[in-house]
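**Student:** As input, take run-v6.cif (mmCIF, C-alpha atoms and all ligand atoms):
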```cif
data_target
#
loop_
_atom_site.label_atom_id
_atom_site.label_comp_id
_atom_site.auth_asym_id
_atom_site.auth_seq_id
_atom_site.Cartn_x
_atom_site.Cartn_y
_atom_site.Cartn_z
CA MET Y 30 18.85 50.62 129.28
CA VAL Y 31 16.30 51.04 132.10
CA ASP Y 32 17.57 49.99 135.54
CA GLU Y 33 15.00 47.44 136.64
CA THR Y 34 15.68 48.08 140.30
CA ASN Y 35 15.08 51.83 140.13
CA PRO Y 36 11.36 52.55 140.65
CA PHE Y 37 11.62 56.02 139.14
CA GLU Y 38 13.06 54.70 135.89
CA GLU Y 39 10.44 51.95 135.94
CA MET Y 40 7.63 54.49 136.33
CA MET Y 41 9.11 56.64 133.55
CA GLN Y 42 9.34 53.68 131.21
CA ARG Y 43 5.59 53.14 131.53
CA PHE Y 44 4.89 56.87 131.36
CA ASP Y 45 6.91 57.26 128.14
CA ARG Y 46 5.12 54.36 126.49
CA ALA Y 47 1.69 55.71 127.37
CA ALA Y 48 2.68 59.28 126.38
CA GLU Y 49 3.89 58.03 123.00
CA LEU Y 50 0.65 56.14 122.33
CA LEU Y 51 -1.34 59.21 123.36
CA ARG Y 52 0.84 61.39 121.13
CA LEU Y 53 1.18 63.71 124.11
CA ASP Y 54 2.23 67.24 123.21
CA SER Y 55 5.98 67.63 123.85
CA GLY Y 56 5.47 70.59 126.23
CA LEU Y 57 2.87 68.75 128.31
CA TYR Y 58 5.16 65.74 128.29
CA LYS Y 59 7.85 67.81 130.02
CA VAL Y 60 5.39 69.20 132.58
CA LEU Y 61 3.96 65.81 133.56
CA ARG Y 62 7.28 64.02 133.54
CA ASN Y 63 8.74 66.20 136.29
CA PRO Y 64 7.59 66.68 139.88
CA THR Y 65 6.48 70.12 141.06
CA ARG Y 66 8.60 70.05 144.19
CA GLU Y 67 11.14 67.82 145.95
CA ILE Y 68 11.79 68.57 149.60
CA THR Y 69 14.62 67.01 151.64
CA VAL Y 70 14.85 67.64 155.38
CA TYR Y 71 17.26 66.58 158.13
CA LEU Y 72 15.48 65.92 161.40
CA PRO Y 73 17.42 66.21 164.67
CA VAL Y 74 15.88 64.03 167.37
CA ILE Y 75 16.92 63.54 171.01
CA MET Y 76 16.88 59.78 171.50
CA ASP Y 77 15.79 58.16 174.77
CA ASP Y 78 19.41 57.75 175.90
CA GLY Y 79 20.10 61.49 175.43
CA ARG Y 80 22.03 61.16 172.13
CA ILE Y 81 21.09 63.40 169.19
CA GLU Y 82 20.36 61.52 165.96
CA ILE Y 83 19.69 62.99 162.53
CA PHE Y 84 17.05 61.41 160.29
CA LYS Y 85 16.67 62.23 156.62
CA GLY Y 86 13.14 62.87 155.36
CA PHE Y 87 11.57 63.55 151.96
CA ARG Y 88 8.34 64.80 150.49
CA VAL Y 89 7.90 64.90 146.74
CA GLN Y 90 4.91 66.72 145.32
CA HIS Y 91 4.43 65.51 141.81
CA ASN Y 92 1.40 67.30 140.43
CA ILE Y 93 -1.46 69.58 141.55
CA ALA Y 94 -3.40 69.99 138.30
CA ARG Y 95 -6.47 68.16 139.60
CA GLY Y 96 -6.36 69.27 143.25
CA PRO Y 97 -4.22 69.14 146.41
CA CYS Y 98 -1.38 66.63 146.48
CA LYS Y 99 -2.20 63.31 148.10
CA GLY Y 100 -0.09 60.39 149.18
CA GLY Y 101 1.36 58.38 152.03
CA ILE Y 102 4.49 58.62 154.13
CA ARG Y 103 6.72 55.59 154.60
CA TYR Y 104 9.27 54.86 157.30
CA SER Y 105 11.99 52.49 156.14
CA PRO Y 106 15.78 52.23 156.15
CA ASP Y 107 15.65 51.72 152.37
CA VAL Y 108 13.79 54.93 151.48
CA THR Y 109 15.48 56.92 148.69
CA LEU Y 110 14.53 60.10 146.89
CA ASP Y 111 14.18 58.21 143.60
CA GLU Y 112 11.76 55.78 145.22
CA ILE Y 113 9.69 58.62 146.69
CA LYS Y 114 9.69 60.42 143.31
CA ALA Y 115 8.29 57.32 141.62
CA LEU Y 116 5.71 56.79 144.32
CA ALA Y 117 4.62 60.45 144.13
CA ALA Y 118 4.04 60.19 140.38
CA TRP Y 119 2.16 56.92 140.87
CA MET Y 120 -0.16 58.77 143.27
CA THR Y 121 -0.93 61.36 140.56
CA TRP Y 122 -1.83 58.61 138.10
CA LYS Y 123 -3.72 56.61 140.75
CA CYS Y 124 -5.93 59.55 141.78
CA ALA Y 125 -6.63 60.25 138.11
CA VAL Y 126 -7.54 56.60 137.34
CA VAL Y 127 -10.20 56.58 140.08
CA ASN Y 128 -11.11 60.16 139.20
CA ILE Y 129 -10.78 61.79 142.62
CA PRO Y 130 -9.81 65.49 142.75
CA PHE Y 131 -6.23 65.13 143.95
CA GLY Y 132 -2.74 65.32 142.57
CA GLY Y 133 0.06 63.07 143.77
CA ALA Y 134 2.75 63.19 146.45
CA LYS Y 135 4.74 60.85 148.62
CA GLY Y 136 6.93 61.18 151.67
CA GLY Y 137 9.41 59.09 153.54
CA VAL Y 138 11.79 59.07 156.46
CA VAL Y 139 14.96 56.98 156.39
CA CYS Y 140 14.65 55.06 159.64
CA ASP Y 141 14.00 51.59 160.99
CA PRO Y 142 10.87 51.93 163.12
CA SER Y 143 11.48 48.51 164.70
CA GLN Y 144 14.63 49.98 166.29
CA LEU Y 145 12.88 53.08 167.65
CA THR Y 146 10.96 53.40 170.91
CA ILE Y 147 7.47 54.80 170.76
CA SER Y 148 8.61 58.18 172.09
CA GLU Y 149 11.44 58.34 169.50
CA LEU Y 150 8.95 57.50 166.76
CA GLU Y 151 6.68 60.28 167.98
CA LYS Y 152 9.56 62.78 167.99
CA VAL Y 153 10.64 61.81 164.45
CA THR Y 154 7.03 62.22 163.28
CA ARG Y 155 6.46 65.56 164.96
CA ARG Y 156 9.76 67.01 163.74
CA TYR Y 157 9.08 65.78 160.20
CA THR Y 158 5.64 67.44 160.32
CA ALA Y 159 7.09 70.68 161.68
CA GLU Y 160 9.71 70.79 158.90
CA MET Y 161 6.99 70.23 156.28
CA ILE Y 162 4.50 72.65 157.84
CA ASP Y 163 4.61 75.21 155.00
CA PHE Y 164 4.10 72.59 152.35
CA ILE Y 165 1.25 70.48 153.75
CA GLY Y 166 -2.37 71.37 154.56
CA PRO Y 167 -5.92 70.41 153.55
CA GLU Y 168 -5.72 72.57 150.42
CA LYS Y 169 -2.06 71.90 149.67
CA ASP Y 170 -0.89 68.38 150.35
CA VAL Y 171 -2.57 65.73 152.49
CA PRO Y 172 -0.34 62.89 153.81
CA ALA Y 173 -1.58 59.42 154.80
CA PRO Y 174 -0.18 56.13 156.08
CA ASP Y 175 2.05 53.90 153.97
CA LEU Y 176 4.72 51.29 154.76
CA ASN Y 177 5.36 51.22 158.57
CA THR Y 178 3.17 54.21 159.37
CA ASP Y 179 -0.28 53.95 160.88
CA GLU Y 180 -3.19 55.74 162.56
CA GLN Y 181 -1.06 56.73 165.55
CA VAL Y 182 1.54 58.37 163.31
CA MET Y 183 -1.27 60.26 161.54
CA ALA Y 184 -2.71 61.38 164.89
CA TRP Y 185 0.70 62.86 165.86
CA MET Y 186 0.99 64.60 162.49
CA MET Y 187 -2.50 66.05 162.79
CA ASP Y 188 -1.79 67.24 166.34
CA THR Y 189 1.55 68.85 165.44
CA TYR Y 190 0.05 70.67 162.47
CA SER Y 191 -2.92 71.78 164.61
CA MET Y 192 -0.65 73.10 167.38
CA HIS Y 193 1.07 75.35 164.85
CA ALA Y 194 -2.26 76.44 163.33
CA ARG Y 195 -3.63 77.08 166.86
CA HIS Y 196 -6.78 75.16 166.05
CA THR Y 197 -7.65 71.57 165.16
CA VAL Y 198 -7.21 70.81 161.47
CA THR Y 199 -8.34 67.23 160.97
CA ALA Y 200 -8.25 67.34 157.16
CA VAL Y 201 -4.45 67.82 157.04
CA VAL Y 202 -3.89 64.04 156.99
CA THR Y 203 -6.03 60.98 156.33
CA GLY Y 204 -5.89 57.51 157.81
CA LYS Y 205 -6.44 58.94 161.30
CA PRO Y 206 -8.11 56.98 164.10
CA VAL Y 207 -11.91 56.93 163.87
CA GLY Y 208 -13.11 59.44 166.46
CA LEU Y 209 -10.23 61.80 165.67
CA GLY Y 210 -11.58 62.70 162.25
CA GLY Y 211 -10.76 59.34 160.68
CA SER Y 212 -13.16 57.61 158.33
CA ARG Y 213 -14.81 54.31 158.99
CA GLY Y 214 -13.48 51.72 156.57
CA ARG Y 215 -10.18 53.52 155.88
CA ARG Y 216 -8.02 50.87 157.54
CA GLU Y 217 -9.50 48.09 155.42
CA ALA Y 218 -9.91 50.20 152.29
CA THR Y 219 -6.99 48.97 150.17
CA GLY Y 220 -7.73 45.29 150.89
CA PHE Y 221 -11.43 45.93 150.34
CA GLY Y 222 -10.75 47.56 146.97
CA LEU Y 223 -8.56 44.61 145.92
CA THR Y 224 -11.41 42.26 146.83
CA VAL Y 225 -13.88 44.22 144.71
CA ILE Y 226 -11.49 43.99 141.76
CA ALA Y 227 -10.86 40.27 142.39
CA LEU Y 228 -14.62 39.65 142.28
CA GLU Y 229 -14.88 41.62 139.03
CA ALA Y 230 -11.94 39.65 137.59
CA LEU Y 231 -13.77 36.36 138.20
CA ARG Y 232 -15.84 37.18 135.14
CA ILE Y 233 -12.66 37.08 133.08
CA LEU Y 234 -11.59 33.79 134.68
CA ASN Y 235 -15.13 32.47 134.41
CA LYS Y 236 -14.89 30.93 137.86
CA ALA Y 237 -16.72 31.00 141.19
CA PRO Y 238 -14.78 32.24 144.25
CA GLU Y 239 -14.74 28.69 145.67
CA GLU Y 240 -12.76 27.44 142.63
CA THR Y 241 -10.35 30.37 142.65
CA ARG Y 242 -6.92 29.86 144.21
CA VAL Y 243 -5.29 32.99 145.58
CA VAL Y 244 -1.67 33.54 146.67
CA ILE Y 245 -0.78 36.67 148.64
CA GLN Y 246 2.68 38.10 149.33
CA GLY Y 247 2.55 40.43 152.34
CA TYR Y 248 0.42 40.10 155.44
CA GLY Y 249 0.31 43.70 156.62
CA ASN Y 250 -2.51 46.18 156.28
CA VAL Y 251 -3.01 45.46 152.57
CA GLY Y 252 -2.21 41.74 152.20
CA GLY Y 253 -3.64 40.69 155.57
CA THR Y 254 -6.94 42.49 155.01
CA ALA Y 255 -7.23 41.21 151.44
CA ALA Y 256 -6.59 37.64 152.66
CA LEU Y 257 -9.37 37.89 155.24
CA LEU Y 258 -11.91 39.56 152.96
CA LEU Y 259 -11.22 37.18 150.07
CA HIS Y 260 -11.52 34.22 152.45
CA GLN Y 261 -14.87 35.59 153.64
CA GLN Y 262 -16.01 35.85 150.02
CA GLY Y 263 -15.26 32.14 149.56
CA PHE Y 264 -11.93 32.38 147.69
CA LYS Y 265 -9.36 29.67 148.44
CA VAL Y 266 -6.37 31.55 149.85
CA VAL Y 267 -3.69 28.88 149.49
CA ALA Y 268 -0.57 30.81 150.51
CA VAL Y 269 0.35 33.97 152.41
CA SER Y 270 3.69 35.38 153.55
CA ASP Y 271 5.37 38.16 155.47
CA ILE Y 272 8.93 39.44 155.26
CA HIS Y 273 10.31 36.28 156.93
CA GLY Y 274 8.56 33.71 154.71
CA GLY Y 275 5.24 32.09 153.96
CA ILE Y 276 2.82 29.24 154.61
CA TYR Y 277 0.98 27.08 152.12
CA HIS Y 278 -1.92 24.67 152.07
CA ARG Y 279 -3.23 23.36 148.74
CA ASP Y 280 -6.87 23.20 149.99
CA GLY Y 281 -6.78 26.74 151.37
CA LEU Y 282 -5.64 28.28 154.66
CA ALA Y 283 -7.89 29.03 157.64
CA ILE Y 284 -7.11 32.75 157.34
CA PRO Y 285 -9.21 34.04 160.31
CA SER Y 286 -7.14 31.92 162.69
CA ILE Y 287 -3.79 33.20 161.34
CA THR Y 288 -2.90 36.47 162.99
CA ARG Y 289 0.85 36.07 162.61
CA ILE Y 290 2.53 33.91 159.97
CA ALA Y 291 5.27 32.86 162.43
CA ASP Y 292 2.68 31.45 164.86
CA ALA Y 293 0.82 29.28 162.32
CA GLN Y 294 0.99 25.62 163.37
CA LYS Y 295 1.20 22.39 161.37
CA ILE Y 296 1.42 24.03 158.01
CA ASP Y 297 3.95 23.82 155.15
CA ARG Y 298 6.48 26.64 155.19
CA ILE Y 299 7.72 28.19 151.95
CA THR Y 300 10.03 31.06 151.06
CA ASN Y 301 8.80 34.27 149.49
CA ALA Y 302 10.53 33.31 146.23
CA GLU Y 303 8.68 29.97 146.17
CA LEU Y 304 5.38 31.64 146.99
CA LEU Y 305 5.57 33.93 143.96
CA GLU Y 306 6.00 30.90 141.69
CA LEU Y 307 3.07 28.83 143.01
CA SER Y 308 0.44 27.73 140.55
CA CYS Y 309 -2.74 29.77 141.26
CA ASP Y 310 -5.49 31.84 139.68
CA ILE Y 311 -4.75 35.16 141.33
CA LEU Y 312 -1.34 36.25 142.66
CA ILE Y 313 -1.45 39.35 144.86
CA PRO Y 314 1.96 40.93 145.50
CA ALA Y 315 1.13 43.17 148.48
CA ALA Y 316 4.58 43.86 149.93
CA THR Y 317 7.02 46.21 148.20
CA GLU Y 318 8.42 47.18 144.80
CA ASN Y 319 10.41 44.94 142.44
CA GLN Y 320 9.11 41.52 143.45
CA LEU Y 321 8.28 40.24 139.96
CA THR Y 322 11.30 40.89 137.76
CA SER Y 323 13.29 39.49 134.82
CA LYS Y 324 14.70 36.96 137.33
CA ASN Y 325 11.45 35.16 138.22
CA ALA Y 326 8.66 36.32 135.86
CA ASP Y 327 9.01 33.36 133.47
CA ARG Y 328 8.38 30.98 136.38
CA VAL Y 329 5.19 32.72 137.57
CA ARG Y 330 2.20 30.40 137.14
CA ALA Y 331 -0.71 32.69 138.03
CA LYS Y 332 -3.49 33.59 135.60
CA ILE Y 333 -3.91 37.06 137.04
CA VAL Y 334 -1.46 39.31 138.91
CA LEU Y 335 -3.42 41.76 141.07
CA GLU Y 336 -1.03 44.41 142.37
CA GLY Y 337 -1.66 45.28 146.02
CA ALA Y 338 1.73 46.95 146.45
CA ASN Y 339 2.98 49.93 144.49
CA GLY Y 340 5.36 48.91 141.70
CA PRO Y 341 5.75 45.18 142.48
CA THR Y 342 6.21 44.27 138.79
CA THR Y 343 9.08 45.59 136.67
CA HIS Y 344 8.54 46.48 133.02
CA VAL Y 345 10.57 43.43 131.92
CA ALA Y 346 8.30 41.18 133.97
CA ASP Y 347 5.31 42.97 132.39
CA GLU Y 348 6.58 41.99 128.93
CA ILE Y 349 7.08 38.37 129.99
CA PHE Y 350 3.56 38.26 131.47
CA GLU Y 351 2.10 39.69 128.28
CA GLU Y 352 3.80 36.94 126.27
CA LYS Y 353 2.57 34.31 128.72
CA ASN Y 354 -0.96 35.72 128.63
CA ILE Y 355 -0.94 36.53 132.34
CA LEU Y 356 -3.29 39.43 133.00
CA VAL Y 357 -1.75 42.17 135.17
CA ILE Y 358 -4.22 44.41 137.00
CA PRO Y 359 -1.97 47.39 137.70
CA ASP Y 360 -1.28 49.00 141.08
CA ILE Y 361 -2.62 52.43 140.13
CA LEU Y 362 -6.02 50.79 139.68
CA ALA Y 363 -5.91 47.72 141.93
CA ASN Y 364 -4.71 49.34 145.17
CA ALA Y 365 -6.55 52.64 144.75
CA GLY Y 366 -9.12 51.74 147.43
CA GLY Y 367 -6.89 53.26 150.12
CA VAL Y 368 -6.61 56.70 148.58
CA THR Y 369 -10.28 56.62 147.57
CA VAL Y 370 -11.38 56.27 151.20
CA SER Y 371 -8.74 58.88 152.10
CA TYR Y 372 -10.65 61.17 149.79
CA PHE Y 373 -13.87 60.24 151.60
CA GLU Y 374 -12.15 61.02 154.91
CA TRP Y 375 -10.97 64.42 153.68
CA VAL Y 376 -14.53 65.19 152.49
CA GLN Y 377 -16.04 64.11 155.83
CA ASP Y 378 -13.51 66.18 157.82
CA ARG Y 379 -14.26 69.30 155.80
CA TYR Y 380 -17.97 68.65 156.09
CA GLY Y 381 -17.77 67.78 159.79
CA TYR Y 382 -20.27 65.00 159.13
CA PHE Y 383 -19.31 61.34 159.23
CA TRP Y 384 -20.62 58.42 157.23
CA LYS Y 385 -21.62 54.94 158.34
CA ASP Y 386 -19.54 51.86 157.43
CA GLN Y 387 -22.10 50.79 154.89
CA GLU Y 388 -22.02 54.14 153.11
CA VAL Y 389 -18.21 54.06 152.83
CA ARG Y 390 -18.28 50.49 151.51
CA GLU Y 391 -20.98 51.22 148.95
CA ARG Y 392 -19.26 54.32 147.61
CA LEU Y 393 -15.89 52.57 147.49
CA THR Y 394 -17.37 49.57 145.67
CA GLU Y 395 -18.90 51.91 143.11
CA VAL Y 396 -15.61 53.75 142.48
CA MET Y 397 -13.58 50.52 142.15
CA LYS Y 398 -16.07 48.87 139.79
CA MET Y 399 -16.40 51.94 137.64
CA SER Y 400 -12.62 52.45 137.43
CA PHE Y 401 -12.03 48.79 136.56
CA GLY Y 402 -14.65 49.08 133.82
CA ASP Y 403 -13.08 52.31 132.50
CA VAL Y 404 -9.61 50.75 132.29
CA LEU Y 405 -10.89 47.51 130.77
CA ASN Y 406 -12.84 49.38 128.07
CA TYR Y 407 -9.92 51.64 127.35
CA ALA Y 408 -7.59 48.64 126.99
CA GLN Y 409 -9.98 46.91 124.61
CA MET Y 410 -10.54 50.05 122.57
CA HIS Y 411 -6.82 50.76 122.16
CA GLN Y 412 -5.63 47.14 122.12
CA VAL Y 413 -3.18 47.66 124.96
CA THR Y 414 -2.53 46.00 128.33
CA LEU Y 415 -4.45 47.11 131.41
CA ARG Y 416 -1.24 48.76 132.69
CA THR Y 417 -0.79 50.86 129.57
CA ALA Y 418 -4.52 51.62 129.49
CA ALA Y 419 -4.48 52.83 133.11
CA TYR Y 420 -1.49 55.09 132.43
CA MET Y 421 -3.01 56.43 129.20
CA LEU Y 422 -6.32 57.16 130.88
CA ALA Y 423 -4.61 58.88 133.83
CA ILE Y 424 -2.14 60.89 131.77
CA ASP Y 425 -4.90 61.98 129.42
CA ARG Y 426 -7.00 63.24 132.34
CA VAL Y 427 -4.12 65.13 133.99
CA ALA Y 428 -2.98 66.54 130.63
CA HIS Y 429 -6.52 67.77 129.96
CA TYR Y 430 -6.63 69.71 133.25
CA THR Y 431 -3.14 71.08 132.69
CA LYS Y 432 -4.08 72.33 129.25
CA LEU Y 433 -7.26 73.97 130.52
CA ARG Y 434 -5.42 75.69 133.36
CA GLY Y 435 -2.53 76.78 131.14
CA ILE Y 436 1.03 77.47 132.20
CA TYR Y 437 1.41 80.40 134.60
CA ALA Y 438 4.23 82.72 133.71
N1 LIG Y 501 -0.28 54.90 150.84
C1 LIG Y 501 -1.46 54.61 150.10
C2 LIG Y 501 -1.15 54.48 148.63
O1 LIG Y 501 -0.04 54.23 148.24
C3 LIG Y 501 -2.59 55.58 150.40
C4 LIG Y 501 -2.31 57.02 150.13
C5 LIG Y 501 -3.39 57.95 150.61
O2 LIG Y 501 -4.38 57.50 151.16
O3 LIG Y 501 -3.20 59.15 150.44
O4 LIG Y 501 -2.02 54.53 147.81
#
```
Please render this file's structure as structure tokens.
Ligand code: GLU

**Tutor:**
Amino acid sequence: MVDETNPFEEMMQRFDRAAELLRLDSGLYKVLRNPTREITVYLPVIMDDGRIEIFKGFRVQHNIARGPCKGGIRYSPDVTLDEIKALAAWMTWKCAVVNIPFGGAKGGVVCDPSQLTISELEKVTRRYTAEMIDFIGPEKDVPAPDLNTDEQVMAWMMDTYSMHARHTVTAVVTGKPVGLGGSRGRREATGFGLTVIALEALRILNKAPEETRVVIQGYGNVGGTAALLLHQQGFKVVAVSDIHGGIYHRDGLAIPSITRIADAQKIDRITNAELLELSCDILIPAATENQLTSKNADRVRAKIVLEGANGPTTHVADEIFEEKNILVIPDILANAGGVTVSYFEWVQDRYGYFWKDQEVRERLTEVMKMSFGDVLNYAQMHQVTLRTAAYMLAIDRVAHYTKLRGIYA
């Protein structure tokens, strides 16, 4: 029995299904099923009041067959090794779906950033980077922002790495501030990519943006940006939420005027649980894992679930959605805009030549459209869901590289 709350088991469930359909060679199956490296570190930090605290940190490098490892770093009290392992594997499959030359990795530090001062946060980040110094680098493993980490955290990581290297190495992380080797359009990239996919999905719904009702869970970098961009494209964003709860208006919310959910005036308040069950055309879970599960999936009334977060839908919920004819556009395709512009950033850093906004947007649009088309065609050809198609496509690509490279003995 798969534990629905364990993201690693969830990821494996999908992997096994795709591997079986692909009739993946049993040796390759073992190689791709396991990460290359799991690193756990304990970070001593002198807190502002003089106390020494220890923080636990992880980096899991899942696969390097197609290039350096790539993936974000999250700061959260709930981070576990199993979660990071799942997220690292998802990065391998995500990079393969959008066909960028990276493998997958993920990192995390067990901490509550809201309880840390800025100088404590900087010390945690720098010590984490120092402990990982032998394992990261532009050719090895390139971290990026994820839950509760941002451009500032990336700037500290880049600086720490560069101090050890004795020269500036911008390409060691992506998601840096523009001007410090960051790429234009990186901050908005995940939300932008979701918007491109939403526009493509309108063809399936046979609707204009103005008739399309969207519900978004999460109002951070991914959900907040998607809400704004979809609103600008004419979509009716009827509900949005953050960790504390959501707001709803049946005719659509005035998204540009809502900077913080808590500050929104004269609007109906709903819980996150209620939000996920609202009747709508497109539901975008853009918060964390395990939001759509066996407990609520049969009450979901969306036509399309567009996954902004990583792993928001469990495999049981997937089965329920398939029965109910709800189309799930999977995370490893839908939210790949972020890592795609990270790839652009890495290219620009190594080139030392930076692109205009327009260029980033055009290239990202092209990648997202092409990848959506690839997955859709694959699903139709093999008569499988988009999720299974995305996994099959990704696993097939990584397996192909692994076979060509051979196993080093
Ligand atoms: N954290 C993002 C993700 O889960 C971006 C990773 C990256 O840019 O490397 O896809």

**Student:** Let me see if you get this right: every residue at most 6 Å from ligand LIG 501 (chain Y), counting all atoms listed in the file, written as a PyMOL selection string.

**Tutor:** chain Y and resi 99-101+172-175+365+367-368+371

**Student:** Applying 9 Å and all atoms listed in the file, which residues near Leu405 in chain Y remain after dropping the ones on its own chain fewer than 3 positions away? List them as a short mmCIF file (atom, residue, chain, number, x, y, z; two decimals) with C-alpha atoms, in the coordinates of the input.

**Tutor:**
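New file out06.cif:
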```
data_model
loop_
_atom_site.label_atom_id
_atom_site.label_comp_id
_atom_site.auth_asym_id
_atom_site.auth_seq_id
_atom_site.Cartn_x
_atom_site.Cartn_y
_atom_site.Cartn_z
CA SER Y 400 -12.62 52.45 137.43
CA PHE Y 401 -12.03 48.79 136.56
CA GLY Y 402 -14.65 49.08 133.82
CA ALA Y 408 -7.59 48.64 126.99
CA GLN Y 409 -9.98 46.91 124.61
CA MET Y 410 -10.54 50.05 122.57
CA THR Y 414 -2.53 46.00 128.33
CA LEU Y 415 -4.45 47.11 131.41
CA ALA Y 418 -4.52 51.62 129.49
CA ALA Y 419 -4.48 52.83 133.11
#
```

**Student:** Mind giving me the straight-line distance from CA of Glu239 in chain Y to CA of Tyr277 in chain Y in Å, one decimal?

**Tutor:**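 We find that CA of Glu239 in chain Y and CA of Tyr277 in chain Y lie 17.1 Å from each other.
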
**Student:** Can you tell me how far CA of Ile129 in chain Y sits from CA of Ser212 in chain Y, in Å to one decimal?

**Tutor:**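 The value is 16.4 Å.
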
**Student:** Taking (-5.9, 42.8, 152.5) in the file's coordinates as the center, which residues reach within 12 Å of it, counting all atoms listed in the file, put as a PyMOL selection string?

**Tutor:** chain Y and resi 216-225+227+244-261+266+269+284+313-316+335-338+363-364+366-367

**Student:** Set the distance at 12 Å and use only C-alpha atoms: which residues neighbour Glu33 in chain Y once local chain neighbours fewer than 2 positions away are removed? I'd like the list as a PyMOL selection string.

**Tutor:** chain Y and resi 30-31+35-42+318-324+340-347

**Student:** Just the number, please: distance in Å from CA of Leu51 in chain Y to CA of Leu116 in chain Y, one decimal.

**Tutor:**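 We find that CA of Leu51 in chain Y and CA of Leu116 in chain Y lie 22.2 Å from each other.
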
**Student:** Check the smallest atom-to-atom distance from each of Y:Leu305, Y:Ile290, Y:Val376, Y:Ile83 to Glu168 in chain Y using all atoms listed in the file, then report the winner.

**Tutor:**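 Result for the nearest residue to Glu168 in chain Y: Y:Val376.
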
**Student:** Using only C-alpha atoms, which residue out of Y:Ala331, Y:Glu49, Y:Lys114, Y:Arg289 lies closest to Glu306 in chain Y?

**Tutor:**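 For Glu306 in chain Y, the nearest of the candidates is Y:Ala331.
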
**Student:** Given the choices Y:Gly56, Y:Arg232, Y:Ala283, Y:Asp271, which gets closest to Leu304 in chain Y if the distance is worked out from all atoms listed in the file?

**Tutor:**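 Of the candidates, the smallest distance to Leu304 in chain Y is held by Y:Asp271.
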
**Student:** Report as a short mmCIF file (atom, residue, chain, number, x, y, z; two decimals) with C-alpha atoms, in the coordinates of the input all protein, DNA and RNA residues lying within 7 Å of range 132-140 of chain Y, evaluated on all atoms listed in the file, omitting residues in the same chain fewer than 5 positions from it.

**Tutor:**
```cif
data_model
loop_
_atom_site.label_atom_id
_atom_site.label_comp_id
_atom_site.auth_asym_id
_atom_site.auth_seq_id
_atom_site.Cartn_x
_atom_site.Cartn_y
_atom_site.Cartn_z
CA PHE Y 84 17.05 61.41 160.29
CA LYS Y 85 16.67 62.23 156.62
CA GLY Y 86 13.14 62.87 155.36
CA PHE Y 87 11.57 63.55 151.96
CA ARG Y 88 8.34 64.80 150.49
CA VAL Y 89 7.90 64.90 146.74
CA GLN Y 90 4.91 66.72 145.32
CA HIS Y 91 4.43 65.51 141.81
CA ASN Y 92 1.40 67.30 140.43
CA ILE Y 93 -1.46 69.58 141.55
CA ALA Y 94 -3.40 69.99 138.30
CA ARG Y 95 -6.47 68.16 139.60
CA GLY Y 96 -6.36 69.27 143.25
CA PRO Y 97 -4.22 69.14 146.41
CA CYS Y 98 -1.38 66.63 146.48
CA LYS Y 99 -2.20 63.31 148.10
CA GLY Y 100 -0.09 60.39 149.18
CA GLY Y 101 1.36 58.38 152.03
CA ILE Y 102 4.49 58.62 154.13
CA ARG Y 103 6.72 55.59 154.60
CA TYR Y 104 9.27 54.86 157.30
CA SER Y 105 11.99 52.49 156.14
CA PRO Y 106 15.78 52.23 156.15
CA ASP Y 107 15.65 51.72 152.37
CA VAL Y 108 13.79 54.93 151.48
CA ILE Y 113 9.69 58.62 146.69
CA LEU Y 116 5.71 56.79 144.32
CA ALA Y 117 4.62 60.45 144.13
CA ALA Y 118 4.04 60.19 140.38
CA MET Y 120 -0.16 58.77 143.27
CA THR Y 121 -0.93 61.36 140.56
CA CYS Y 124 -5.93 59.55 141.78
#
```

**Student:** Point out the residue among Y:Glu240, Y:Glu391, Y:Glu151, Y:Asp170 with the least atom-to-atom distance to Met186 in chain Y, counting only C-alpha atoms.

**Tutor:**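 The closest residue to Met186 in chain Y is Y:Glu151.
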
**Student:** Please check which residues have atoms at most 10 Å from (-1.6, 74.2, 133.2) in the file's coordinates, counting only C-alpha atoms, and write them as a ChimeraX atom specification.

**Tutor:** /Y:57,60,93-94,427-437

**Student:** Those same residues, written as a JSON list (two decimals), in the coordinates of the input with C-alpha atoms?

**Tutor:**
```json
[["chain", "number", "residue", "atom", "x", "y", "z"],
["Y", 57, "LEU", "CA", 2.87, 68.75, 128.31],
["Y", 60, "VAL", "CA", 5.39, 69.20, 132.58],
["Y", 93, "ILE", "CA", -1.46, 69.58, 141.55],
["Y", 94, "ALA", "CA", -3.40, 69.99, 138.30],
["Y", 427, "VAL", "CA", -4.12, 65.13, 133.99],
["Y", 428, "ALA", "CA", -2.98, 66.54, 130.63],
["Y", 429, "HIS", "CA", -6.52, 67.77, 129.96],
["Y", 430, "TYR", "CA", -6.63, 69.71, 133.25],
["Y", 431, "THR", "CA", -3.14, 71.08, 132.69],
["Y", 432, "LYS", "CA", -4.08, 72.33, 129.25],
["Y", 433, "LEU", "CA", -7.26, 73.97, 130.52],
["Y", 434, "ARG", "CA", -5.42, 75.69, 133.36],
["Y", 435, "GLY", "CA", -2.53, 76.78, 131.14],
["Y", 436, "ILE", "CA", 1.03, 77.47, 132.20],
["Y", 437, "TYR", "CA", 1.41, 80.40, 134.60]]
```

**Student:** Check the smallest atom-to-atom distance from each of Y:Ile276, Y:Ile311, Y:Val127, Y:Ile333 to Tyr372 in chain Y using only C-alpha atoms, then report the winner.

**Tutor:**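 Among Y:Ile276, Y:Ile311, Y:Val127, Y:Ile333, it is Y:Val127 that comes nearest to Tyr372 in chain Y.
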
**Student:** Find the residues around Thr241 in chain Y up to 9 Å (all atoms listed in the file counted), leave out those fewer than 5 positions away in its own chain, and share them as JSON, numbers by chain.

**Tutor:** {"Y": [231, 234, 236, 263, 264, 265, 266, 309, 310, 311]}
